[in-house]
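This is start.txt (compact mmCIF, C-alpha atoms and all ligand atoms).
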```txt
# COMPACT_ATOMS: atom_id res chain seq x y z
CA MET Y 1 -26.75 -17.47 38.89
CA GLN Y 2 -25.49 -19.84 36.16
CA VAL Y 3 -22.71 -18.53 33.90
CA ARG Y 4 -20.43 -19.69 31.10
CA ARG Y 5 -17.70 -18.10 28.99
CA CYS Y 6 -18.72 -16.52 25.68
CA ALA Y 7 -18.44 -18.74 22.58
CA ALA Y 8 -15.32 -17.23 20.96
CA VAL Y 9 -12.78 -14.77 22.35
CA PHE Y 10 -9.16 -14.02 21.43
CA ILE Y 11 -6.73 -12.01 23.50
CA GLU Y 12 -4.42 -9.57 21.71
CA PRO Y 13 -1.41 -7.80 23.26
CA ARG Y 14 -1.73 -4.41 21.51
CA GLU Y 15 0.64 -1.47 21.44
CA SER Y 16 -1.25 1.73 20.79
CA ILE Y 17 0.28 5.11 20.11
CA ASP Y 18 -1.35 8.35 21.31
CA PHE Y 19 -0.29 11.97 20.91
CA ASP Y 20 -0.27 14.16 23.98
CA LEU Y 21 -0.94 17.63 22.57
CA ALA Y 22 0.10 19.38 25.81
CA GLU Y 23 3.52 17.69 25.70
CA LEU Y 24 3.80 18.47 22.00
CA ALA Y 25 3.22 22.18 22.75
CA LEU Y 26 6.17 22.04 25.21
CA GLY Y 27 8.47 20.98 22.38
CA GLU Y 28 8.54 17.26 23.22
CA THR Y 29 7.52 14.44 20.90
CA GLY Y 30 4.14 14.02 22.58
CA VAL Y 31 4.20 10.36 21.56
CA ARG Y 32 2.81 7.94 24.16
CA GLU Y 33 3.09 4.24 23.58
CA ARG Y 34 0.81 2.02 25.61
CA LEU Y 35 0.87 -1.73 25.74
CA GLY Y 36 -2.16 -3.60 26.99
CA TRP Y 37 -4.35 -6.66 26.54
CA LEU Y 38 -7.52 -6.49 24.47
CA ALA Y 39 -10.22 -9.14 24.30
CA LEU Y 40 -11.78 -9.51 20.83
CA ALA Y 41 -15.01 -11.47 21.16
CA ALA Y 42 -17.20 -12.76 18.34
CA HIS Y 43 -20.40 -11.36 19.91
CA CYS Y 44 -19.18 -7.79 20.70
CA ASP Y 45 -18.25 -4.99 18.31
CA GLU Y 46 -16.10 -3.28 20.96
CA GLU Y 47 -12.52 -4.26 21.75
CA ILE Y 48 -12.51 -4.92 25.49
CA PRO Y 49 -9.48 -4.04 27.67
CA VAL Y 50 -8.71 -6.90 30.11
CA ASP Y 51 -6.07 -7.47 32.78
CA ALA Y 52 -3.92 -10.51 33.60
CA ALA Y 53 -6.30 -11.79 36.32
CA GLU Y 54 -9.27 -11.63 33.93
CA ILE Y 55 -7.30 -13.44 31.20
CA ALA Y 56 -6.31 -16.18 33.66
CA ALA Y 57 -9.97 -16.64 34.67
CA LEU Y 58 -11.16 -16.65 31.02
CA GLY Y 59 -8.73 -19.49 30.29
CA ALA Y 60 -10.24 -21.59 33.07
CA LEU Y 61 -13.97 -20.99 32.40
CA SER Y 62 -15.95 -23.40 30.24
CA PRO Y 63 -17.67 -21.92 27.17
CA SER Y 64 -20.03 -24.90 26.93
CA HIS Y 65 -21.18 -25.83 30.48
CA TRP Y 66 -23.27 -23.52 32.62
CA GLN Y 67 -21.74 -23.29 36.11
CA SER Y 68 -22.88 -21.65 39.32
CA LEU Y 69 -21.28 -18.23 39.90
CA ASP Y 70 -21.10 -18.97 43.64
CA GLU Y 71 -19.19 -22.20 43.06
CA LEU Y 72 -16.81 -20.53 40.58
CA SER Y 73 -16.19 -17.81 43.18
CA GLN Y 74 -14.46 -20.41 45.35
CA ARG Y 75 -11.81 -20.86 42.65
CA HIS Y 76 -11.61 -17.35 41.14
CA PRO Y 77 -11.78 -13.92 42.80
CA ARG Y 78 -15.44 -12.80 42.81
CA ALA Y 79 -14.44 -9.29 41.67
CA VAL Y 80 -12.74 -10.76 38.58
CA LEU Y 81 -15.81 -12.83 37.66
CA GLU Y 82 -18.08 -9.83 38.12
CA ALA Y 83 -15.79 -7.68 35.97
CA LEU Y 84 -15.98 -10.35 33.21
CA LEU Y 85 -19.78 -10.43 33.53
CA ALA Y 86 -19.97 -6.63 33.23
CA LYS Y 87 -17.72 -6.77 30.14
CA GLY Y 88 -19.89 -9.43 28.53
CA LEU Y 89 -17.10 -12.02 28.35
CA LEU Y 90 -18.79 -14.17 30.95
CA ILE Y 91 -22.42 -14.80 29.97
CA ALA Y 92 -25.24 -15.13 32.48
CA GLN Y 93 -28.08 -17.60 31.79
CA GLU Y 94 -31.47 -15.88 31.39
CA PRO Y 95 -30.32 -12.67 33.12
CA ALA Y 96 -32.79 -10.05 34.35
CA GLU Y 97 -30.85 -6.92 33.31
CA GLU Y 98 -31.21 -5.61 29.78
CA SER Y 99 -27.44 -5.19 29.16
CA SER Y 100 -26.67 -8.80 30.18
CA ARG Y 101 -29.60 -10.05 28.08
CA ARG Y 102 -28.10 -8.33 25.03
CA PHE Y 103 -24.76 -10.10 25.63
CA GLU Y 104 -26.55 -13.45 25.99
CA GLN Y 105 -28.54 -12.96 22.76
CA ALA Y 106 -25.47 -11.84 20.79
CA ASP Y 107 -23.51 -14.84 22.08
CA GLU Y 108 -26.38 -17.20 21.16
CA ALA Y 109 -26.39 -15.72 17.63
CA VAL Y 110 -22.71 -16.66 17.21
CA ARG Y 111 -23.24 -20.17 18.59
CA ALA Y 112 -26.22 -20.83 16.30
CA VAL Y 113 -24.16 -20.30 13.13
CA HIS Y 114 -21.29 -22.80 13.74
CA TRP Y 115 -18.51 -20.29 13.16
CA ARG Y 116 -14.85 -21.25 13.32
CA GLY Y 117 -13.63 -19.09 16.25
CA LEU Y 118 -10.78 -17.34 14.43
CA SER Y 119 -12.97 -16.58 11.39
CA ALA Y 120 -15.76 -15.25 13.60
CA ILE Y 121 -13.37 -12.83 15.31
CA ALA Y 122 -11.87 -11.75 11.97
CA HIS Y 123 -15.32 -11.13 10.51
CA ARG Y 124 -16.76 -9.24 13.47
CA HIS Y 125 -13.74 -7.02 13.99
CA THR Y 126 -12.95 -6.09 10.39
CA ARG Y 127 -16.39 -4.52 9.82
CA TRP Y 128 -16.51 -0.75 9.36
CA ARG Y 129 -18.96 1.66 10.93
CA ASP Y 130 -19.24 5.19 9.51
CA VAL Y 131 -15.83 5.21 7.81
CA ASP Y 132 -15.54 8.16 5.43
CA SER Y 133 -12.76 7.53 2.90
CA GLU Y 134 -12.91 11.12 1.56
CA ALA Y 135 -12.30 12.55 5.03
CA ILE Y 136 -9.44 10.08 5.64
CA GLU Y 137 -7.75 11.03 2.36
CA GLN Y 138 -8.08 14.69 3.30
CA LEU Y 139 -6.46 14.02 6.70
CA PHE Y 140 -3.56 12.18 5.06
CA ALA Y 141 -3.03 15.01 2.58
CA GLU Y 142 -2.95 17.56 5.40
CA ALA Y 143 -0.68 15.47 7.64
CA SER Y 144 2.08 14.94 5.08
CA SER Y 145 3.56 16.77 2.11
CA GLN Y 146 4.57 13.42 0.59
CA THR Y 147 2.42 11.81 -2.07
CA MET Y 148 1.15 8.29 -1.47
CA LEU Y 149 3.79 6.88 -3.86
CA GLU Y 150 6.60 8.71 -2.06
CA ARG Y 151 5.40 7.28 1.23
CA LEU Y 152 5.02 3.70 0.01
CA GLY Y 153 8.14 3.44 -2.18
CA PRO Y 154 8.30 1.05 -5.15
CA ALA Y 155 5.89 -1.91 -5.41
CA LEU Y 156 7.02 -5.47 -6.02
CA PRO Y 157 7.54 -6.26 -9.74
CA VAL Y 158 4.43 -7.33 -11.68
CA VAL Y 159 5.78 -10.84 -12.26
CA PRO Y 160 7.86 -12.97 -9.90
CA GLU Y 161 10.01 -14.67 -12.55
CA ARG Y 162 11.01 -18.15 -11.38
CA ALA Y 163 13.15 -19.25 -14.35
CA SER Y 164 15.42 -17.61 -16.94
CA ALA Y 165 13.77 -16.22 -20.11
CA SER Y 166 15.65 -18.77 -22.25
CA SER Y 167 14.19 -21.71 -20.33
CA ARG Y 168 10.55 -20.63 -20.76
CA LEU Y 169 8.14 -22.90 -22.60
CA PRO Y 170 6.25 -20.47 -24.89
CA LEU Y 171 2.45 -20.81 -25.09
CA GLU Y 172 0.21 -19.65 -27.90
CA LYS Y 173 -2.40 -16.93 -27.49
CA PRO Y 174 -5.81 -18.09 -28.76
CA SER Y 175 -7.33 -16.37 -31.76
CA PRO Y 176 -9.61 -13.60 -30.41
CA SER Y 177 -13.05 -14.86 -29.38
CA PRO Y 178 -16.23 -13.05 -28.28
CA LEU Y 179 -15.18 -13.86 -24.69
CA ASP Y 180 -11.86 -12.06 -25.27
CA ALA Y 181 -13.70 -9.01 -26.62
CA LEU Y 182 -15.96 -9.00 -23.57
CA MET Y 183 -13.08 -9.35 -21.12
CA ASP Y 184 -11.10 -6.62 -22.88
CA ARG Y 185 -13.98 -4.17 -22.34
CA ARG Y 186 -14.42 -5.06 -18.66
CA VAL Y 187 -13.16 -1.87 -17.04
CA THR Y 188 -14.23 -0.84 -13.54
CA CYS Y 189 -16.61 2.11 -14.02
CA ARG Y 190 -16.33 5.16 -11.74
CA ASN Y 191 -18.34 7.55 -13.96
CA TYR Y 192 -22.09 6.92 -14.18
CA ASP Y 193 -24.68 8.67 -16.33
CA PRO Y 194 -27.24 10.47 -14.15
CA ALA Y 195 -30.15 9.15 -16.29
CA PRO Y 196 -32.10 6.14 -14.96
CA LEU Y 197 -31.02 2.65 -16.02
CA SER Y 198 -33.49 0.79 -18.25
CA PHE Y 199 -35.60 -1.89 -16.54
CA ASP Y 200 -34.61 -4.50 -19.14
CA ALA Y 201 -30.87 -4.02 -18.63
CA PHE Y 202 -31.31 -4.02 -14.85
CA SER Y 203 -33.31 -7.21 -14.93
CA ALA Y 204 -30.96 -8.96 -17.39
CA VAL Y 205 -27.78 -8.31 -15.39
CA LEU Y 206 -29.45 -9.41 -12.15
CA TYR Y 207 -30.59 -12.64 -13.76
CA ARG Y 208 -27.23 -13.45 -15.34
CA ALA Y 209 -25.23 -12.70 -12.19
CA PHE Y 210 -27.56 -13.86 -9.42
CA GLY Y 211 -30.47 -15.79 -10.95
CA ALA Y 212 -30.89 -19.52 -10.36
CA ARG Y 213 -30.88 -21.53 -13.59
CA ALA Y 214 -32.16 -24.65 -11.82
CA VAL Y 215 -33.16 -25.79 -8.35
CA SER Y 216 -32.05 -29.24 -7.29
CA ASP Y 217 -33.74 -31.30 -4.58
CA TYR Y 218 -30.44 -32.74 -3.48
CA ALA Y 219 -31.71 -34.59 -0.38
CA PRO Y 220 -34.74 -34.31 1.92
CA GLY Y 221 -34.56 -30.82 3.40
CA VAL Y 222 -31.60 -29.81 1.25
CA GLN Y 223 -32.02 -27.79 -1.93
CA LEU Y 224 -29.12 -26.59 -4.05
CA LEU Y 225 -29.13 -23.96 -6.76
CA LYS Y 226 -27.47 -23.99 -10.15
CA LYS Y 227 -26.20 -20.56 -11.11
CA GLY Y 228 -23.86 -19.08 -13.70
CA VAL Y 229 -21.12 -18.91 -11.04
CA PRO Y 230 -19.61 -21.63 -8.84
CA SER Y 231 -20.28 -21.73 -5.11
CA ALA Y 232 -18.80 -23.73 -2.23
CA GLY Y 233 -20.87 -26.88 -1.75
CA GLY Y 234 -23.36 -25.61 -4.39
CA LEU Y 235 -25.00 -23.84 -1.46
CA HIS Y 236 -25.05 -20.32 -2.96
CA ALA Y 237 -25.14 -18.72 0.46
CA THR Y 238 -24.59 -15.20 -0.90
CA GLU Y 239 -27.64 -13.00 -1.37
CA ALA Y 240 -28.05 -9.79 -3.37
CA TYR Y 241 -29.51 -6.91 -1.32
CA LEU Y 242 -30.19 -3.85 -3.47
CA LEU Y 243 -30.21 -0.14 -2.89
CA VAL Y 244 -31.95 1.26 -5.97
CA GLN Y 245 -31.56 4.96 -6.79
CA ARG Y 246 -32.39 5.32 -10.50
CA VAL Y 247 -33.93 2.37 -12.35
CA GLU Y 248 -36.90 2.86 -14.70
CA GLY Y 249 -40.06 1.41 -13.16
CA VAL Y 250 -38.45 0.56 -9.79
CA PRO Y 251 -39.13 3.02 -6.96
CA ALA Y 252 -36.00 4.12 -5.10
CA GLY Y 253 -35.57 1.86 -2.09
CA LEU Y 254 -34.15 -1.25 -0.52
CA TYR Y 255 -34.84 -4.68 -2.00
CA HIS Y 256 -33.83 -8.32 -1.73
CA TYR Y 257 -33.38 -10.22 -4.98
CA HIS Y 258 -35.16 -13.59 -5.11
CA PRO Y 259 -32.88 -15.77 -7.27
CA VAL Y 260 -35.42 -18.53 -7.92
CA ALA Y 261 -38.44 -16.33 -8.69
CA HIS Y 262 -36.17 -13.76 -10.45
CA ALA Y 263 -38.02 -10.97 -8.67
CA LEU Y 264 -37.39 -8.11 -6.30
CA GLU Y 265 -38.70 -8.31 -2.76
CA PRO Y 266 -39.39 -4.70 -1.66
CA LEU Y 267 -38.11 -3.97 1.86
CA ARG Y 268 -38.35 -0.19 2.20
CA GLU Y 269 -39.15 2.66 -0.18
CA LEU Y 270 -36.79 5.65 0.09
CA ASP Y 271 -36.94 9.28 -1.00
CA ALA Y 272 -34.13 10.29 -3.36
CA GLU Y 273 -32.19 12.15 -0.69
CA THR Y 274 -32.22 9.28 1.81
CA ALA Y 275 -31.27 6.80 -0.95
CA ALA Y 276 -28.30 8.99 -1.97
CA SER Y 277 -27.15 9.38 1.62
CA LEU Y 278 -27.37 5.63 2.27
CA ALA Y 279 -25.50 4.93 -0.98
CA ARG Y 280 -22.70 7.19 0.20
CA ARG Y 281 -22.59 5.54 3.60
CA PHE Y 282 -22.60 1.98 2.16
CA VAL Y 283 -19.42 2.61 0.11
CA ALA Y 284 -17.59 4.66 2.77
CA ALA Y 285 -18.15 7.97 0.93
CA GLN Y 286 -16.62 6.92 -2.42
CA ALA Y 287 -18.68 9.48 -4.34
CA TYR Y 288 -18.06 7.86 -7.75
CA TYR Y 289 -19.69 4.61 -6.62
CA ALA Y 290 -22.44 6.35 -4.67
CA GLY Y 291 -23.38 7.91 -8.03
CA ALA Y 292 -24.21 4.53 -9.65
CA PRO Y 293 -27.93 3.94 -10.31
CA LEU Y 294 -27.92 0.99 -7.93
CA GLN Y 295 -25.75 -0.80 -5.42
CA ILE Y 296 -25.81 -4.48 -4.61
CA ALA Y 297 -24.59 -5.58 -1.19
CA LEU Y 298 -23.25 -9.14 -1.48
CA VAL Y 299 -24.48 -10.60 1.78
CA SER Y 300 -23.33 -14.02 2.89
CA ARG Y 301 -25.84 -16.11 4.80
CA PHE Y 302 -23.08 -17.78 6.83
CA GLU Y 303 -25.38 -20.32 8.41
CA ARG Y 304 -26.26 -21.83 5.03
CA ASN Y 305 -22.61 -22.48 4.20
CA PHE Y 306 -21.61 -23.40 7.76
CA TRP Y 307 -24.50 -25.89 7.94
CA LYS Y 308 -22.21 -28.15 5.92
CA TYR Y 309 -18.80 -26.60 6.67
CA ARG Y 310 -19.36 -26.51 10.43
CA ASN Y 311 -16.61 -24.92 12.54
CA HIS Y 312 -14.47 -25.37 9.41
CA ALA Y 313 -11.08 -23.71 8.85
CA LYS Y 314 -11.84 -22.89 5.18
CA ALA Y 315 -15.52 -21.96 5.32
CA TYR Y 316 -15.18 -18.19 5.75
CA ARG Y 317 -12.64 -18.05 2.91
CA ALA Y 318 -15.05 -20.00 0.72
CA VAL Y 319 -17.93 -17.55 1.22
CA ILE Y 320 -15.64 -14.62 0.43
CA LEU Y 321 -14.65 -16.38 -2.80
CA ASP Y 322 -18.35 -16.76 -3.67
CA ALA Y 323 -18.69 -12.96 -3.51
CA GLY Y 324 -15.77 -12.58 -5.93
CA HIS Y 325 -17.37 -14.92 -8.47
CA LEU Y 326 -20.68 -13.07 -8.28
CA SER Y 327 -19.06 -9.72 -8.81
CA GLN Y 328 -17.19 -10.92 -11.90
CA ALA Y 329 -20.49 -12.19 -13.28
CA VAL Y 330 -21.98 -8.71 -12.68
CA TYR Y 331 -19.05 -7.16 -14.55
CA LEU Y 332 -19.35 -9.49 -17.55
CA ALA Y 333 -23.14 -9.34 -17.79
CA ALA Y 334 -23.01 -5.53 -17.58
CA THR Y 335 -20.15 -5.24 -20.09
CA GLU Y 336 -22.05 -7.38 -22.60
CA LEU Y 337 -24.83 -4.75 -22.52
CA ASN Y 338 -22.29 -1.90 -22.88
CA LEU Y 339 -22.74 -0.93 -19.25
CA GLY Y 340 -20.08 -0.26 -16.64
CA ALA Y 341 -19.74 -2.11 -13.34
CA PHE Y 342 -17.82 -1.89 -10.07
CA ILE Y 343 -16.99 -3.73 -6.88
CA THR Y 344 -15.65 -2.31 -3.64
CA ALA Y 345 -14.52 -3.94 -0.42
CA ALA Y 346 -14.30 -0.50 1.26
CA ILE Y 347 -17.77 -0.66 2.74
CA ASN Y 348 -19.46 0.27 5.99
CA GLU Y 349 -20.78 -3.17 6.88
CA VAL Y 350 -22.53 -1.91 10.02
CA GLY Y 351 -24.53 0.68 8.03
CA ILE Y 352 -25.57 -1.98 5.52
CA GLU Y 353 -26.57 -4.44 8.26
CA GLN Y 354 -28.68 -1.76 9.94
CA ALA Y 355 -30.37 -0.65 6.71
CA PHE Y 356 -31.38 -4.20 5.77
CA GLY Y 357 -31.97 -5.42 9.33
CA LEU Y 358 -29.29 -8.15 9.29
CA GLU Y 359 -27.88 -9.88 12.38
CA PRO Y 360 -24.14 -9.39 11.73
CA MET Y 361 -22.88 -12.87 12.58
CA ALA Y 362 -25.71 -14.60 10.69
CA GLU Y 363 -25.82 -12.52 7.49
CA GLY Y 364 -22.84 -10.36 6.61
CA PRO Y 365 -22.13 -7.96 3.74
CA LEU Y 366 -18.75 -8.88 2.18
CA ALA Y 367 -18.59 -6.37 -0.68
CA VAL Y 368 -20.76 -3.96 -2.65
CA CYS Y 369 -21.00 -3.98 -6.42
CA GLY Y 370 -23.16 -2.17 -8.93
CA PHE Y 371 -23.60 -1.27 -12.57
CA GLY Y 372 -25.09 1.32 -14.88
CA VAL Y 373 -24.68 3.35 -18.04
CA ARG Y 374 -21.23 4.95 -18.32
CA ALA Y 375 -21.12 8.73 -18.33
CA ARG Y 376 -20.07 10.34 -21.61
CA GLN Y 377 -17.12 11.99 -19.91
CA ARG Y 378 -14.53 10.48 -17.64
CA VAL Y 379 -14.15 12.71 -14.58
CA THR Y 380 -12.90 10.09 -12.11
CA VAL Y 381 -9.99 7.85 -13.07
CA GLU Y 382 -10.65 4.46 -14.67
CA PHE Y 383 -7.99 1.87 -15.42
CA ASP Y 384 -8.14 1.40 -19.17
CA PRO Y 385 -4.51 1.25 -20.34
CA ALA Y 386 -5.47 -0.63 -23.53
CA HIS Y 387 -8.07 2.09 -24.43
CA LYS Y 388 -10.88 -0.39 -24.93
CA VAL Y 389 -13.49 1.85 -23.32
CA TRP Y 390 -12.00 5.35 -23.35
CA PRO Y 391 -10.26 6.19 -26.67
C1 LIG P 401 -11.89 -7.02 -3.89
C2 LIG P 401 -11.85 -5.72 -4.63
C3 LIG P 401 -11.99 -4.55 -3.93
C4 LIG P 401 -12.00 -3.33 -4.59
N1 LIG P 401 -12.19 -2.18 -3.87
C5 LIG P 401 -12.21 -0.98 -4.53
C6 LIG P 401 -12.42 0.22 -3.80
O1 LIG P 401 -12.58 0.23 -2.60
N2 LIG P 401 -12.46 1.39 -4.49
C7 LIG P 401 -12.29 1.43 -5.84
O2 LIG P 401 -12.33 2.52 -6.42
N3 LIG P 401 -12.09 0.29 -6.56
C8 LIG P 401 -12.05 -0.91 -5.93
N4 LIG P 401 -11.85 -2.07 -6.64
C9 LIG P 401 -11.69 -1.99 -8.10
C10 LIG P 401 -10.21 -2.05 -8.46
O3 LIG P 401 -9.63 -0.82 -8.13
C11 LIG P 401 -10.07 -2.34 -9.96
O4 LIG P 401 -10.54 -3.64 -10.21
C12 LIG P 401 -8.62 -2.23 -10.36
O5 LIG P 401 -8.20 -0.89 -10.30
C13 LIG P 401 -8.37 -2.74 -11.75
O6 LIG P 401 -9.20 -2.08 -12.68
P1 LIG P 401 -10.16 -2.89 -13.65
O7 LIG P 401 -11.18 -3.58 -12.80
O8 LIG P 401 -10.77 -1.83 -14.52
O9 LIG P 401 -9.32 -3.86 -14.41
C14 LIG P 401 -11.83 -3.29 -6.00
C15 LIG P 401 -11.68 -4.48 -6.71
C16 LIG P 401 -11.69 -5.69 -6.04
C17 LIG P 401 -11.57 -6.96 -6.81
```
Please re-express this file's structure in structure tokens.
Ligand SMILES: Cc1cc2nc3c(=O)[nH]c(=O)nc-3n(C[C@H](O)[C@H](O)[C@H](O)COP(=O)(O)O)c2cc1C
Amino acid sequence: MQVRRCAAVFIEPRESIDFDLAELALGETGVRERLGWLALAAHCDEEIPVDAAEIAALGALSPSHWQSLDELSQRHPRAVLEALLAKGLLIAQEPAEESSRRFEQADEAVRAVHWRGLSAIAHRHTRWRDVDSEAIEQLFAEASSQTMLERLGPALPVVPERASASSRLPLEKPSPSPLDALMDRRVTCRNYDPAPLSFDAFSAVLYRAFGARAVSDYAPGVQLLKKGVPSAGGLHATEAYLLVQRVEGVPAGLYHYHPVAHALEPLRELDAETAASLARRFVAAQAYYAGAPLQIALVSRFERNFWKYRNHAKAYRAVILDAGHLSQAVYLAATELNLGAFITAAINEVGIEQAFGLEPMAEGPLAVCGFGVRARQRVTVEFDPAHKVWP
């Protein structure tokens, strides 16, 4: 059998703390601290416990050249190599068993995209699956009588002043412009009207935030887009995947937005109940965002960016920045039409990947945003200290 090490793996010495309830009942602290090694691999969602012998072998196995398992067994204990194979850290070439085939395919998916190893690990292992922020808040409230502010203590001051007030060089504020008025009214919306959003407003915001204003044939086989937002390398690797709940003339369902055709590509129609439940799952149970008429998962097609920025230290950061620019464009385009908008990074990436059928290391959701008509009443808090939206 030919084997090689997986493409990217990092080893973390982790201290974990458990509570032993039986000990606790006997009046002791019940706290158990355990220190151990975990392997975080770019092709596995699980964190894999490993021992010192396995780590030593991992450090000596090539991730690029296939080698015979029998030959490697002359240099490393066979039991260690077999343990690494069973854990998916050592990959078998064209294996017969289903579980090994899944490891091989997942490892190939990482290799195909030209990830920087550290970024790949960070991306894979910071994704959420089935996180419920409401339930977590409830647990915190039950576990402690302290408020969040009491627990955290004071925050750093708003401004890190680096010179005395007398030495400042004063600048002039510009006379108010339409852009100022728009930015003043940009307030994250957590209260949405239950009525459907008009088709025209829906279509206009999508175009202004995500639509391509020109397509450039940059070189043979390389097209770039011109959009209203900047993007690393002009590649615009971030796609808009939509979960529509209430938009006039658009059946509830999952869609992909085509930025050149300015059109929706239907992926799956949903009944209202399933759409609402998916919306809740996407935003980790933040009910105020699940109540928006639509959600847009900002999904980075890593391979498009990493085609140019191959194995590059800054590439992952650049695609995350792209998502930030797109979301601000959603906010401004929505605000111009007197709509409210939101963005959240507290998302269940795994649920979004499954709903849209995305291979996680090739196409990854980085944030979810959305927009809609503001409710007449503010039930959930919004940050509007200048009273530009809520008098
Ligand atoms: C990257 C990012 C992540 C955010 N995540 C959340 C979130 O998980 N939940 C939420 O209610 N708001 C979230 N927000 C919205 C912020 O809370 C909001 O921008 C902030 O309170 C300031 O309010 P403003 O946007 O109205 O100025 C996020 C904003 C950004 C930029």
Next item on the list: List all protein, DNA and RNA residues that have at least one atom no more than 8 Å from any atom of ligand LIG 401 (chain P), counting only C-alpha atoms and all ligand atoms, and write them as a PyMOL selection string.
Entry: chain Y and resi 186-190+283+286+288-289+324+342-347+367+382-384
Notebook entry, point to check: What is the atom CA of Y:Arg317-atom CA of Y:Cys44 distance in Å, reported with one decimal?
Noted result: 21.6 Å
Check: Using all atoms listed in the file, which residues sit within 7 Å of Y:Trp66 once same-chain residues fewer than 5 positions away are excluded, as a VMD selection string?
Finding: chain Y and resid 2 to 4
Notebook entry, point to check: Just how far from atom CA of Y:Asp130 is atom CA of Y:Ala240, in Å to one decimal?
Noted result: 21.6 Å
Taking all atoms of stretch 332-342 of chain Y that appear in the file, build a box with edges along x, y and z, extend it by 3 Å on every side, and state its centre and edge lengths in Å to one decimal, as JSON.
```
{"center_x": -21.3, "center_y": -4.9, "center_z": -16.5, "size_x": 13.0, "size_y": 15.2, "size_z": 18.8}
```
Margin query: If we count only C-alpha atoms and set the cut-off at 10 Å, which residues sit around Y:Ala313, ignoring sequence neighbours fewer than 4 positions away in its own chain? Please answer as JSON, numbers by chain.
Written below: {"Y": [115, 116, 117, 118, 119, 309, 317, 318]}
Margin query: Considering only C-alpha atoms, can you say which of Y:Arg168, Y:Arg185, Y:Arg268, Y:Lys87 comes closest to Y:Val389?
Written below: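 Ranking Y:Arg168, Y:Arg185, Y:Arg268, Y:Lys87 by distance to Y:Val389, first place goes to Y:Arg185.
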Next item on the list: Rounded to one decimal place, report the atom CA of Y:Gly233-atom CA of Y:Pro259 distance in Å.
Entry: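 Atom CA of Y:Pro259 lies at a distance of 17.3 Å from atom CA of Y:Gly233.
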Margin query: What's around Y:Arg376 at 10 Å? Count all atoms listed in the file, leave out sequence neighbours fewer than 4 positions away in its own chain, and write the answer as a ChimeraX atom specification.
Written below: /Y:191-193,390
File of the preceding selection, C-alpha atoms, as a PDB file, keeping the file's coordinate frame:
```pdb
ATOM      1  CA  ASN Y 191     -18.340   7.550 -13.960  1.00  0.00           C
ATOM      2  CA  TYR Y 192     -22.090   6.920 -14.180  1.00  0.00           C
ATOM      3  CA  ASP Y 193     -24.680   8.670 -16.330  1.00  0.00           C
ATOM      4  CA  TRP Y 390     -12.000   5.350 -23.350  1.00  0.00           C
TER       5      TRP Y 390
END
```
Margin query: Can you tell me which residues surround Y:Phe282 at a distance of at most 7 Å, considering all atoms listed in the file, apart from same-chain residues fewer than 6 positions away, and format the answer as number ranges by chain?
Written below: Y: 347-348, 351-352
Next item on the list: Excluding Y:Ser216 and residues on its chain fewer than 3 positions from it, collect all residues at most 12 Å away from it, counting all atoms listed in the file, and give them as a list in words.
Entry: Ala212, Arg213, Ala219, Pro220, Gly221, Val222, Gln223, Leu224, Leu225, Lys226, Lys227, Gly234, Leu235 and Val260 of chain Y
Notebook entry, point to check: So which one's closest to Y:Phe10, Y:Ala120, Y:Ala86, Y:Glu33, Y:Leu366? Using only C-alpha atoms, please.
Noted result: Y:Ala120
Check: Could you tell me, as JSON, numbers by chain, which residues have any atom at most 12 Å from (-18.9, -6.0, 31.4), counting only C-alpha atoms?
Finding: {"Y": [6, 39, 44, 46, 47, 48, 49, 50, 54, 79, 80, 81, 82, 83, 84, 85, 86, 87, 88, 89, 90, 91, 92, 99, 100, 101, 102, 103, 104]}
Item checked: Selected residue of minimal separation from Y:Phe302 among Y:Ile55, Y:Val379, Y:Val319, Y:Ala141, counting only C-alpha atoms ->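 Of Y:Ile55, Y:Val379, Y:Val319, Y:Ala141, the one nearest Y:Phe302 is Y:Val319, counting only C-alpha atoms.
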Check: Between Y:Glu98, Y:Glu336, Y:Gly253, Y:Trp37, which has the minimum distance to Y:Leu179 (counting all atoms listed in the file)?
Finding: Y:Glu336
Item checked: Which residue of Y:Ser203, Y:Ser231, Y:Ser300, Y:Gln377 approaches Y:Leu337 most closely, using all atoms listed in the file -> Y:Ser203
